[in-house]
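data-v2.csv, holding CSV, C-alpha atoms:
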```
chain,number,residue,atom,x,y,z
A,1,MET,CA,-21.7,3.5,-6.1
A,2,ARG,CA,-20.1,1.5,-3.3
A,3,PHE,CA,-16.3,1.5,-2.9
A,4,VAL,CA,-14.3,-0.7,-0.5
A,5,PHE,CA,-10.6,-0.1,0.3
A,6,VAL,CA,-8.6,-2.7,2.1
A,7,VAL,CA,-5.4,-1.7,3.9
A,8,THR,CA,-3.4,-3.3,6.6
A,9,ASN,CA,-3.7,-0.3,8.8
A,10,LEU,CA,-3.6,3.5,8.8
A,11,ALA,CA,-0.1,4.0,10.0
A,12,GLY,CA,2.0,6.9,8.8
A,13,GLY,CA,2.9,5.9,5.3
A,14,GLY,CA,2.2,7.7,2.0
A,15,ALA,CA,0.2,4.8,0.6
A,16,GLU,CA,-2.2,4.9,3.5
A,17,LYS,CA,-2.4,8.7,3.4
A,18,ALA,CA,-3.4,8.5,-0.3
A,19,ILE,CA,-6.1,6.0,0.4
A,20,VAL,CA,-7.6,8.1,3.2
A,21,LYS,CA,-7.7,11.1,0.8
A,22,LEU,CA,-9.2,9.1,-2.0
A,23,ALA,CA,-11.9,7.6,0.3
A,24,ALA,CA,-12.8,11.1,1.5
A,25,GLY,CA,-13.0,12.4,-2.1
A,26,LEU,CA,-15.3,9.6,-3.2
A,27,ALA,CA,-17.5,10.1,-0.1
A,28,ASP,CA,-17.7,13.9,-0.9
A,29,ARG,CA,-19.1,12.9,-4.3
A,30,GLY,CA,-22.0,11.0,-2.6
A,31,HIS,CA,-20.6,7.5,-2.8
A,32,ASP,CA,-20.8,4.8,-0.1
A,33,VAL,CA,-17.2,4.2,0.9
A,34,GLU,CA,-15.7,1.8,3.4
A,35,LEU,CA,-12.1,1.5,4.7
A,36,ALA,CA,-11.5,-2.0,5.9
A,37,LEU,CA,-8.5,-2.1,8.2
A,38,LEU,CA,-6.9,-5.5,8.8
A,39,GLU,CA,-5.5,-4.2,12.1
A,40,GLY,CA,-6.4,-1.4,14.3
A,41,ARG,CA,-3.4,1.0,14.0
A,42,VAL,CA,-4.5,4.5,13.1
A,43,GLU,CA,-2.2,7.5,12.8
A,44,HIS,CA,-4.1,9.5,10.2
A,45,ALA,CA,-7.2,11.5,10.9
A,46,LEU,CA,-10.2,9.4,9.8
A,47,PRO,CA,-12.1,10.9,6.8
A,48,ARG,CA,-15.5,12.2,7.3
A,49,GLY,CA,-18.4,10.3,5.7
A,50,VAL,CA,-16.4,7.1,5.4
A,51,ASN,CA,-17.2,3.9,7.2
A,52,VAL,CA,-14.0,2.6,8.9
A,53,SER,CA,-14.1,-1.0,10.1
A,54,THR,CA,-11.3,-2.9,11.9
A,55,LEU,CA,-10.9,-6.7,11.6
A,56,THR,CA,-8.3,-7.3,14.3
A,57,THR,CA,-6.2,-5.4,16.8
A,58,ALA,CA,-3.0,-6.9,15.3
A,59,ALA,CA,-3.0,-8.7,11.9
A,60,PRO,CA,-1.6,-12.2,12.2
A,61,GLY,CA,1.2,-13.2,9.7
A,62,GLY,CA,2.3,-16.5,8.3
A,63,TRP,CA,0.5,-19.0,6.1
A,64,PHE,CA,-2.3,-19.8,8.5
A,65,GLY,CA,-2.7,-16.2,9.8
A,66,LYS,CA,-3.2,-14.7,6.4
A,67,ARG,CA,-5.9,-17.3,5.5
A,68,ARG,CA,-7.7,-16.8,8.8
A,69,LEU,CA,-7.7,-13.1,8.1
A,70,ALA,CA,-8.9,-13.6,4.5
A,71,HIS,CA,-11.8,-15.7,5.9
A,72,ARG,CA,-12.7,-13.0,8.3
A,73,LEU,CA,-12.5,-10.3,5.5
A,74,ARG,CA,-14.8,-12.4,3.3
A,75,ARG,CA,-17.4,-12.8,6.1
A,76,HIS,CA,-17.1,-9.1,7.0
A,77,LEU,CA,-17.7,-7.8,3.4
A,78,SER,CA,-21.2,-9.0,3.0
A,79,ALA,CA,-22.8,-6.0,1.2
A,80,PRO,CA,-22.2,-5.8,-2.6
A,81,TRP,CA,-19.7,-3.3,-4.0
A,82,ASN,CA,-18.8,-1.8,-7.4
A,83,LEU,CA,-15.1,-1.7,-6.8
A,84,LEU,CA,-12.8,-3.3,-4.2
A,85,VAL,CA,-9.3,-1.9,-4.0
A,86,SER,CA,-6.4,-3.2,-1.8
A,87,THR,CA,-3.1,-1.6,-1.4
A,88,LEU,CA,0.4,-2.8,-0.3
A,89,PRO,CA,1.4,-6.5,-0.6
A,90,PHE,CA,0.1,-7.8,2.7
A,91,ALA,CA,-3.4,-6.4,2.2
A,92,ASP,CA,-3.2,-7.4,-1.5
A,93,GLU,CA,-2.4,-11.0,-0.6
A,94,VAL,CA,-5.1,-11.3,2.1
A,95,THR,CA,-7.7,-9.8,-0.2
A,96,ALA,CA,-6.6,-12.1,-3.0
A,97,LEU,CA,-6.9,-15.1,-0.7
A,98,ALA,CA,-10.5,-14.0,0.2
A,99,LYS,CA,-11.3,-14.5,-3.6
A,100,LEU,CA,-13.6,-11.5,-3.6
A,101,PRO,CA,-15.1,-10.1,-6.9
A,102,ARG,CA,-14.2,-6.8,-8.6
A,103,HIS,CA,-10.9,-6.7,-6.8
A,104,TRP,CA,-8.1,-4.5,-8.0
A,105,CYS,CA,-4.7,-4.2,-6.4
A,106,ARG,CA,-3.3,-0.7,-6.2
A,107,ILE,CA,0.5,-0.7,-6.6
A,108,ALA,CA,2.2,2.2,-4.9
A,109,ASN,CA,5.9,1.4,-5.5
A,110,THR,CA,8.4,0.1,-8.1
A,111,LEU,CA,8.5,-3.5,-7.0
A,112,SER,CA,11.4,-4.6,-9.1
A,113,SER,CA,13.6,-1.9,-7.4
A,114,GLU,CA,12.6,-3.2,-4.1
A,115,VAL,CA,13.6,-6.7,-5.2
A,116,ALA,CA,16.9,-5.5,-6.6
A,117,THR,CA,17.8,-3.7,-3.3
A,118,LEU,CA,17.0,-6.9,-1.4
A,119,ALA,CA,19.1,-9.0,-3.8
A,120,ALA,CA,22.2,-7.0,-2.9
A,121,VAL,CA,22.0,-8.4,0.6
A,122,HIS,CA,19.8,-11.5,0.5
A,123,PRO,CA,19.7,-13.0,-3.1
A,124,PHE,CA,17.6,-16.0,-2.0
A,125,LYS,CA,15.0,-13.8,-0.3
A,126,ALA,CA,14.9,-11.5,-3.3
A,127,ARG,CA,14.2,-14.5,-5.6
A,128,ARG,CA,11.4,-15.6,-3.3
A,129,ARG,CA,9.9,-12.1,-3.2
A,130,LEU,CA,10.0,-11.8,-6.9
A,131,SER,CA,8.3,-15.1,-7.2
A,132,ARG,CA,5.7,-14.1,-4.7
A,133,TYR,CA,4.9,-10.8,-6.6
A,134,ARG,CA,4.6,-12.7,-9.9
A,135,ARG,CA,2.2,-15.2,-8.4
A,136,LEU,CA,0.2,-12.4,-6.7
A,137,TYR,CA,0.1,-9.8,-9.4
A,138,GLY,CA,0.8,-11.7,-12.6
A,139,LYS,CA,-2.8,-11.9,-14.1
A,140,ARG,CA,-4.7,-9.7,-11.5
A,141,PRO,CA,-6.2,-6.3,-12.4
A,142,LEU,CA,-3.8,-3.6,-11.2
A,143,ILE,CA,-3.9,0.1,-10.5
A,144,ALA,CA,-0.5,1.8,-10.9
A,145,VAL,CA,0.0,5.2,-9.3
A,146,SER,CA,2.4,6.4,-12.0
A,147,SER,CA,3.5,5.6,-15.5
A,148,GLY,CA,6.8,4.4,-14.1
A,149,VAL,CA,5.1,2.0,-11.8
A,150,ALA,CA,3.0,0.6,-14.7
A,151,LYS,CA,6.1,0.1,-16.8
A,152,ASP,CA,7.9,-1.6,-13.9
A,153,LEU,CA,5.0,-4.0,-13.4
A,154,GLN,CA,5.1,-5.0,-17.1
A,155,CYS,CA,8.9,-5.1,-17.6
A,156,GLY,CA,10.3,-5.7,-14.1
A,157,ILE,CA,7.7,-8.1,-12.6
A,158,ASP,CA,6.4,-9.5,-16.0
A,159,VAL,CA,2.7,-9.1,-15.2
A,160,ASP,CA,0.3,-9.5,-18.1
A,161,GLY,CA,-3.1,-8.6,-16.6
A,162,PRO,CA,-4.9,-5.3,-17.1
A,163,ILE,CA,-3.2,-2.2,-15.7
A,164,GLU,CA,-4.8,1.2,-15.1
A,165,THR,CA,-2.6,4.2,-14.3
A,166,ILE,CA,-4.4,6.5,-11.8
A,167,PRO,CA,-2.2,8.8,-9.6
A,168,ASN,CA,-2.7,9.6,-6.0
A,169,PRO,CA,-5.4,12.3,-5.4
A,170,PHE,CA,-4.7,15.8,-3.9
A,171,ASP,CA,-7.2,18.3,-2.5
A,172,PHE,CA,-5.0,21.3,-3.2
A,173,GLU,CA,-7.3,23.9,-1.6
A,174,ALA,CA,-7.5,21.9,1.7
A,175,MET,CA,-3.8,21.4,1.6
A,176,ARG,CA,-3.1,25.1,1.3
A,177,GLN,CA,-5.5,25.9,4.1
A,178,ALA,CA,-3.8,23.3,6.3
A,179,ALA,CA,-0.4,24.9,5.5
A,180,VAL,CA,-1.3,28.2,7.2
A,181,VAL,CA,-2.4,26.6,10.5
A,182,ALA,CA,-0.4,28.2,13.3
A,183,THR,CA,2.5,25.8,14.3
A,184,PRO,CA,4.7,27.1,17.1
A,185,GLU,CA,7.1,24.2,16.8
A,186,LEU,CA,8.4,25.4,13.4
A,187,PRO,CA,12.1,26.4,13.5
A,188,ALA,CA,12.9,30.1,14.0
A,189,ARG,CA,15.8,29.9,11.5
A,190,PRO,CA,15.6,29.1,7.7
A,191,TYR,CA,15.4,25.4,7.1
A,192,VAL,CA,15.4,22.6,4.5
A,193,VAL,CA,12.9,19.7,5.1
A,194,HIS,CA,12.9,16.0,4.3
A,195,VAL,CA,9.6,14.1,4.8
A,196,GLY,CA,9.8,10.3,5.1
A,197,ARG,CA,10.1,7.4,7.5
A,198,PHE,CA,13.5,6.2,8.6
A,199,ALA,CA,14.0,3.3,6.2
A,200,PRO,CA,16.8,2.2,3.9
A,201,GLN,CA,14.7,3.2,0.8
A,202,LYS,CA,14.6,6.8,2.0
A,203,ARG,CA,18.4,7.1,2.2
A,204,HIS,CA,18.8,9.3,5.2
A,205,ASP,CA,22.5,8.4,5.1
A,206,LEU,CA,22.8,9.9,1.6
A,207,LEU,CA,21.0,13.1,2.7
A,208,LEU,CA,23.3,13.5,5.8
A,209,ASP,CA,26.4,12.9,3.8
A,210,ALA,CA,25.3,15.6,1.3
A,211,TRP,CA,24.3,18.0,4.1
A,212,MET,CA,27.9,17.8,5.4
A,213,ARG,CA,29.0,19.3,2.0
A,214,VAL,CA,26.4,22.1,1.9
A,215,ARG,CA,27.7,25.4,3.2
A,216,THR,CA,24.6,27.1,4.6
A,217,ASP,CA,23.1,28.4,7.9
A,218,HIS,CA,19.9,26.5,7.1
A,219,LEU,CA,18.7,23.9,9.5
A,220,LEU,CA,17.9,20.4,8.1
A,221,VAL,CA,14.5,19.2,9.5
A,222,LEU,CA,13.6,15.5,9.3
A,223,LEU,CA,9.9,14.8,9.6
A,224,CYS,CA,10.1,11.2,10.8
A,225,ALA,CA,9.8,9.4,14.1
A,226,PRO,CA,12.9,9.7,16.4
A,227,ASP,CA,15.1,6.7,16.1
A,228,PRO,CA,18.4,5.9,18.0
A,229,GLU,CA,20.1,4.7,14.8
A,230,LEU,CA,19.2,7.8,13.0
A,231,GLN,CA,20.4,10.0,15.8
A,232,ALA,CA,23.7,8.1,15.9
A,233,MET,CA,24.1,8.7,12.1
A,234,ILE,CA,23.6,12.5,12.8
A,235,ASP,CA,26.0,12.5,15.7
A,236,SER,CA,28.7,10.5,14.0
A,237,ARG,CA,28.8,13.1,11.2
A,238,GLY,CA,29.0,16.0,13.6
A,239,LEU,CA,25.6,17.4,12.5
A,240,ALA,CA,23.9,17.6,15.9
A,241,ASP,CA,23.6,21.4,15.6
A,242,ARG,CA,22.6,21.4,12.0
A,243,VAL,CA,19.9,18.7,11.9
A,244,ARG,CA,16.6,18.4,13.8
A,245,ILE,CA,14.4,15.3,14.0
A,246,ALA,CA,10.9,16.8,14.3
A,247,GLY,CA,8.9,13.6,14.5
A,248,PHE,CA,5.9,12.4,12.5
A,249,GLN,CA,3.5,15.3,11.8
A,250,SER,CA,-0.2,14.6,11.2
A,251,ASN,CA,-0.3,18.0,9.5
A,252,PRO,CA,3.1,18.3,7.7
A,253,TYR,CA,2.0,21.2,5.5
A,254,PRO,CA,3.0,24.1,7.7
A,255,TRP,CA,6.5,22.5,7.9
A,256,ILE,CA,6.6,22.0,4.1
A,257,ALA,CA,5.3,25.5,3.3
A,258,GLY,CA,7.7,27.1,5.7
A,259,ALA,CA,10.8,25.4,4.3
A,260,ASP,CA,13.0,27.0,1.7
A,261,LEU,CA,13.5,23.7,0.0
A,262,LEU,CA,12.2,20.1,0.3
A,263,VAL,CA,14.6,17.2,-0.5
A,264,LEU,CA,13.7,13.7,-1.5
A,265,CYS,CA,16.7,11.3,-1.9
A,266,SER,CA,15.1,7.9,-2.1
A,267,ASP,CA,16.4,4.9,-4.1
A,268,HIS,CA,12.9,4.1,-5.3
A,269,GLU,CA,9.4,5.3,-4.9
A,270,GLY,CA,6.0,4.9,-6.7
A,271,LEU,CA,4.6,8.4,-6.8
A,272,PRO,CA,6.3,10.5,-4.0
A,273,ASN,CA,3.5,12.5,-2.5
A,274,VAL,CA,5.8,15.0,-0.8
A,275,LEU,CA,7.1,16.4,-4.1
A,276,ILE,CA,3.6,17.2,-5.2
A,277,GLU,CA,2.7,18.6,-1.8
A,278,ALA,CA,5.8,20.8,-1.8
A,279,LEU,CA,5.1,22.3,-5.2
A,280,ALA,CA,1.4,22.9,-4.3
A,281,CYS,CA,2.6,24.6,-1.1
A,282,GLY,CA,5.0,26.8,-3.1
A,283,THR,CA,8.1,25.1,-1.9
A,284,PRO,CA,11.0,24.3,-4.3
A,285,THR,CA,12.2,20.7,-4.4
A,286,VAL,CA,15.2,18.6,-5.2
A,287,SER,CA,14.9,14.9,-5.8
A,288,THR,CA,16.9,11.9,-6.9
A,289,ASP,CA,15.8,10.7,-10.3
A,290,CYS,CA,14.6,7.4,-8.8
A,291,PRO,CA,12.1,5.0,-10.2
A,292,SER,CA,9.5,6.2,-10.3
A,293,GLY,CA,7.5,9.4,-10.1
A,294,PRO,CA,10.0,12.3,-9.6
A,295,ARG,CA,10.7,12.7,-13.3
A,296,GLU,CA,6.9,12.8,-14.0
A,297,ILE,CA,6.2,15.3,-11.3
A,298,LEU,CA,9.3,17.5,-12.0
A,299,ALA,CA,8.9,17.4,-15.8
A,300,ALA,CA,9.3,21.2,-15.9
A,301,PHE,CA,12.4,21.3,-13.7
A,302,PRO,CA,15.0,18.7,-14.9
A,303,GLN,CA,17.6,20.7,-13.1
A,304,CYS,CA,16.1,19.5,-9.8
A,305,LEU,CA,16.7,15.9,-10.5
A,306,VAL,CA,20.0,14.2,-9.5
A,307,PRO,CA,21.3,10.6,-10.0
A,308,CYS,CA,20.4,8.1,-7.2
A,309,GLY,CA,23.2,7.6,-4.6
A,310,ASP,CA,25.3,10.5,-5.8
A,311,VAL,CA,26.3,12.5,-2.7
A,312,ALA,CA,28.2,15.2,-4.6
A,313,GLU,CA,25.4,15.9,-7.1
A,314,LEU,CA,22.8,16.0,-4.3
A,315,ALA,CA,24.9,18.5,-2.3
A,316,THR,CA,25.4,20.6,-5.4
A,317,ALA,CA,21.7,20.6,-6.3
A,318,ILE,CA,20.7,21.6,-2.7
A,319,SER,CA,23.2,24.5,-2.8
A,320,ARG,CA,22.1,25.6,-6.2
A,321,ASN,CA,18.4,25.5,-5.5
A,322,LEU,CA,18.9,27.4,-2.2
A,323,ALA,CA,20.7,30.1,-4.1
A,324,ALA,CA,18.4,30.2,-7.1
A,325,PRO,CA,15.2,28.3,-6.4
A,326,ILE,CA,12.7,27.3,-9.1
A,327,ASP,CA,9.2,28.8,-9.3
A,328,PRO,CA,6.9,26.0,-8.1
A,329,GLY,CA,4.0,27.8,-9.6
A,330,LYS,CA,5.1,26.7,-13.1
A,331,ALA,CA,4.5,23.0,-12.2
A,332,ASP,CA,1.5,21.4,-13.9
A,333,LEU,CA,-0.2,19.4,-11.1
A,334,SER,CA,-3.6,19.1,-12.8
A,335,MET,CA,-3.3,15.4,-13.3
A,336,PHE,CA,-3.2,14.9,-9.5
A,337,ASP,CA,-6.3,17.0,-8.7
A,338,MET,CA,-8.8,15.2,-6.5
A,339,ARG,CA,-11.8,15.5,-8.8
A,340,ARG,CA,-9.9,14.2,-11.8
A,341,VAL,CA,-8.6,11.2,-9.8
A,342,VAL,CA,-12.0,10.5,-8.3
A,343,VAL,CA,-13.6,10.5,-11.7
A,344,ALA,CA,-11.1,8.0,-12.9
A,345,TYR,CA,-12.0,5.6,-10.1
A,346,GLU,CA,-15.7,6.2,-10.9
A,347,ARG,CA,-15.1,5.2,-14.5
A,348,LEU,CA,-13.2,2.1,-13.4
A,349,ALA,CA,-16.0,1.0,-11.0
A,350,GLY,CA,-18.5,1.6,-13.7
A,351,ARG,CA,-17.0,-0.9,-16.1
A,352,THR,CA,-15.7,-3.5,-13.6
```
Serialized structure, structure tokens:
Amino acid sequence: MRFVFVVTNLAGGGAEKAIVKLAAGLADRGHDVELALLEGRVEHALPRGVNVSTLTTAAPGGWFGKRRLAHRLRRHLSAPWNLLVSTLPFADEVTALAKLPRHWCRIANTLSSEVATLAAVHPFKARRRLSRYRRLYGKRPLIAVSSGVAKDLQCGIDVDGPIETIPNPFDFEAMRQAAVVATPELPARPYVVHVGRFAPQKRHDLLLDAWMRVRTDHLLVLLCAPDPELQAMIDSRGLADRVRIAGFQSNPYPWIAGADLLVLCSDHEGLPNVLIEALACGTPTVSTDCPSGPREILAAFPQCLVPCGDVAELATAISRNLAAPIDPGKADLSMFDMRRVVVAYERLAGRT
């Protein structure tokens, strides 16, 4: 079968990372797979056996820019396919404008939470965004990466088209092999790790406020690109000696496996890959009980979930799990196994 995935670029986000892995998994099963990038930004290693094409060096925005890009995409995708999947709103919108057949949008976040966060600051923009999402996704076939995302689409965005729930894929054996690659940059002292770009959704402010309350000799390592605003947040809290910004890591697994604890403190997610990756690497985790994904992933460990935005509870959970960590081996990760996810996409392509 032939699969085409449309993404804006291959920058360092979790959604892009998941698409790269999925494309590789389908190619390993002997399928013809193409990654169509709307712009030529690539930060992930390109998967073997996958045709990667780039439409522009920098994708144009705006009403006319999206339509020009859609026209270019329609001309580019000349060979027939069994399944066309776009992911993230910009790529979804451009692909929808191209009016291509057998097109499914893959939704990787709880969109109503995103709208609600925006509404607290810009109510008018939030109403426009909700209207945009309803126009774009209302009757279109959708792939949700978690049950929470599927429920959010139905109840928060009011879509009434078909929804398939298929999680992100993970090659656990390859991940564990990558985790033992020699990495001299790893801290010499025990550490706790947070993996995620510096963005309001990821709540670095909450993490740093909680870290001020944790009495430990551990270092807090942030796997994200250096940012002056983030460094100022660290300095203003007097944490310069207790926090290290390690930068974006193309292979984060040695960092995750070497940590005594991974913390996720987001206000909302879709299916947070890092929780699954940490458990697979044998690293205990603590997470906010945000919509959606953490509760599904950490079903066996309710004690590792804390309310969103609660500094005291997050600090307590970090301290408790450093003193008495869970056993990650008790987590059931079978639903995220690469083969199982690839088979789900094969079945979808077979009936589309």
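Remark: for A:Ala59, the closest of the candidate residues A:Lys202, A:His76, A:Arg41, A:His194 is A:Arg41 (distances computed over all atoms listed in the file).
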(request) Name the closest residue to A:Arg197 among the candidates A:Ala259, A:Ala11, A:Leu46, A:Ala96; distances are taken between atoms, counting only C-alpha atoms. (result)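 Distance minimum relative to A:Arg197 lands on A:Ala11.
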(message) Could you tell me how far atom CA of A:Lys330 sits from atom CA of A:Ser147, in Å to one decimal place?
(response) 21.3 Å
Mind working out the centre and edge lengths of an axis-aligned box for stretch 114-128 of chain A, all listed atoms inside, 3 Å added to each side, rounded to one decimal in Å and written as JSON?
```
{"center_x": 16.8, "center_y": -9.6, "center_z": -3.0, "size_x": 16.8, "size_y": 18.8, "size_z": 13.2}
```
Can you list every residue of stretch 178-254 of chain A that has an atom at most 9 Å from stretch 300-324 of chain A, with its nearest atom pair and the distance in Å to one decimal, using all atoms listed in the file, ordered by chain then number, as a Markdown table?
```
| residue | atom | partner | partner_atom | distance |
| --- | --- | --- | --- | --- |
| A:Val192 | CA | A:Leu322 | CA | 9.0 |
| A:Arg203 | CA | A:Gly309 | CA | 8.3 |
| A:Leu206 | CA | A:Val311 | CA | 6.1 |
| A:Leu207 | CA | A:Val311 | CA | 7.6 |
| A:Asp209 | CA | A:Val311 | CA | 6.5 |
| A:Ala210 | CA | A:Ala315 | CA | 4.6 |
| A:Trp211 | CA | A:Ala315 | CA | 6.4 |
| A:Met212 | CA | A:Ala315 | CA | 8.3 |
| A:Arg213 | CA | A:Ala315 | CA | 6.0 |
| A:Val214 | CA | A:Ala315 | CA | 5.7 |
| A:Arg215 | CA | A:Ser319 | CA | 7.6 |
| A:Thr216 | CA | A:Ser319 | CA | 8.0 |
```
(message) Could you list, as a PyMOL selection string, every residue within 9 Å of A:His268, counting only C-alpha atoms and ignoring same-chain residues fewer than 5 positions away?
(response) chain A and resi 109-111+113-114+201-202+288-293+308
(request) Find, counting all atoms listed in the file, the residue in A:Leu230, A:Leu262, A:Val94, A:Ala126 that gets nearest to A:Ala199. (result) A:Leu230
If you count all atoms listed in the file, which residues fall within 10 Å of stretch 71-75 of chain A, apart from same-chain ones fewer than 3 positions away, as a PDB file with C-alpha atoms, in the frame of the given file?
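So the final result, stored in part16.pdb, reads:
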```
ATOM      1  CA  VAL A   6      -8.600  -2.700   2.100  1.00  0.00           C
ATOM      2  CA  ALA A  36     -11.500  -2.000   5.900  1.00  0.00           C
ATOM      3  CA  LEU A  37      -8.500  -2.100   8.200  1.00  0.00           C
ATOM      4  CA  LEU A  38      -6.900  -5.500   8.800  1.00  0.00           C
ATOM      5  CA  THR A  54     -11.300  -2.900  11.900  1.00  0.00           C
ATOM      6  CA  LEU A  55     -10.900  -6.700  11.600  1.00  0.00           C
ATOM      7  CA  THR A  56      -8.300  -7.300  14.300  1.00  0.00           C
ATOM      8  CA  GLY A  65      -2.700 -16.200   9.800  1.00  0.00           C
ATOM      9  CA  LYS A  66      -3.200 -14.700   6.400  1.00  0.00           C
ATOM     10  CA  ARG A  67      -5.900 -17.300   5.500  1.00  0.00           C
ATOM     11  CA  ARG A  68      -7.700 -16.800   8.800  1.00  0.00           C
ATOM     12  CA  SER A  78     -21.200  -9.000   3.000  1.00  0.00           C
ATOM     13  CA  ALA A  79     -22.800  -6.000   1.200  1.00  0.00           C
ATOM     14  CA  VAL A  94      -5.100 -11.300   2.100  1.00  0.00           C
ATOM     15  CA  THR A  95      -7.700  -9.800  -0.200  1.00  0.00           C
ATOM     16  CA  LEU A  97      -6.900 -15.100  -0.700  1.00  0.00           C
ATOM     17  CA  ALA A  98     -10.500 -14.000   0.200  1.00  0.00           C
ATOM     18  CA  LYS A  99     -11.300 -14.500  -3.600  1.00  0.00           C
ATOM     19  CA  LEU A 100     -13.600 -11.500  -3.600  1.00  0.00           C
TER      20      LEU A 100
END
```
(request) Using all atoms listed in the file, pick whichever of A:Gly350, A:Gly329, A:Pro167, A:Gly14 has the shortest atom-to-atom distance to A:Arg2. (result)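 The closest residue to A:Arg2 is A:Gly350.
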Contacts between stretch 17-24 of chain A and stretch 204-321 of chain A, please, where a residue of stretch 204-321 of chain A counts if it comes within 12 Å (with only C-alpha atoms); show its shortest atom pair and distance in Å to one decimal, rows by chain and ascending number, as JSON lines.
```
{"residue": "A:Ser250", "atom": "CA", "partner": "A:Lys17", "partner_atom": "CA", "distance": 10.0}
{"residue": "A:Asn251", "atom": "CA", "partner": "A:Lys17", "partner_atom": "CA", "distance": 11.3}
{"residue": "A:Pro252", "atom": "CA", "partner": "A:Lys17", "partner_atom": "CA", "distance": 11.9}
{"residue": "A:Gly270", "atom": "CA", "partner": "A:Ala18", "partner_atom": "CA", "distance": 11.9}
{"residue": "A:Leu271", "atom": "CA", "partner": "A:Ala18", "partner_atom": "CA", "distance": 10.3}
{"residue": "A:Pro272", "atom": "CA", "partner": "A:Ala18", "partner_atom": "CA", "distance": 10.6}
{"residue": "A:Asn273", "atom": "CA", "partner": "A:Ala18", "partner_atom": "CA", "distance": 8.3}
{"residue": "A:Val274", "atom": "CA", "partner": "A:Lys17", "partner_atom": "CA", "distance": 11.2}
{"residue": "A:Glu277", "atom": "CA", "partner": "A:Ala18", "partner_atom": "CA", "distance": 11.9}
```
(message) Would you pick out the contacts of A:Cys155 at 12 Å or less, using all atoms listed in the file, so that residues sharing its chain but fewer than 4 positions from it are not included, and give the list as a count of residues only?
(response) 12
(message) Report, in Å to a single decimal, how far apart atom CA of A:Glu39 and atom CA of A:Thr8 are.
(response)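 Rounded to one decimal, the two atoms are 6.0 Å apart.
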(message) Between atom CA of A:Val180 and atom CA of A:Asp260, what distance in Å does the model show, to one decimal?
(response) 15.4 Å
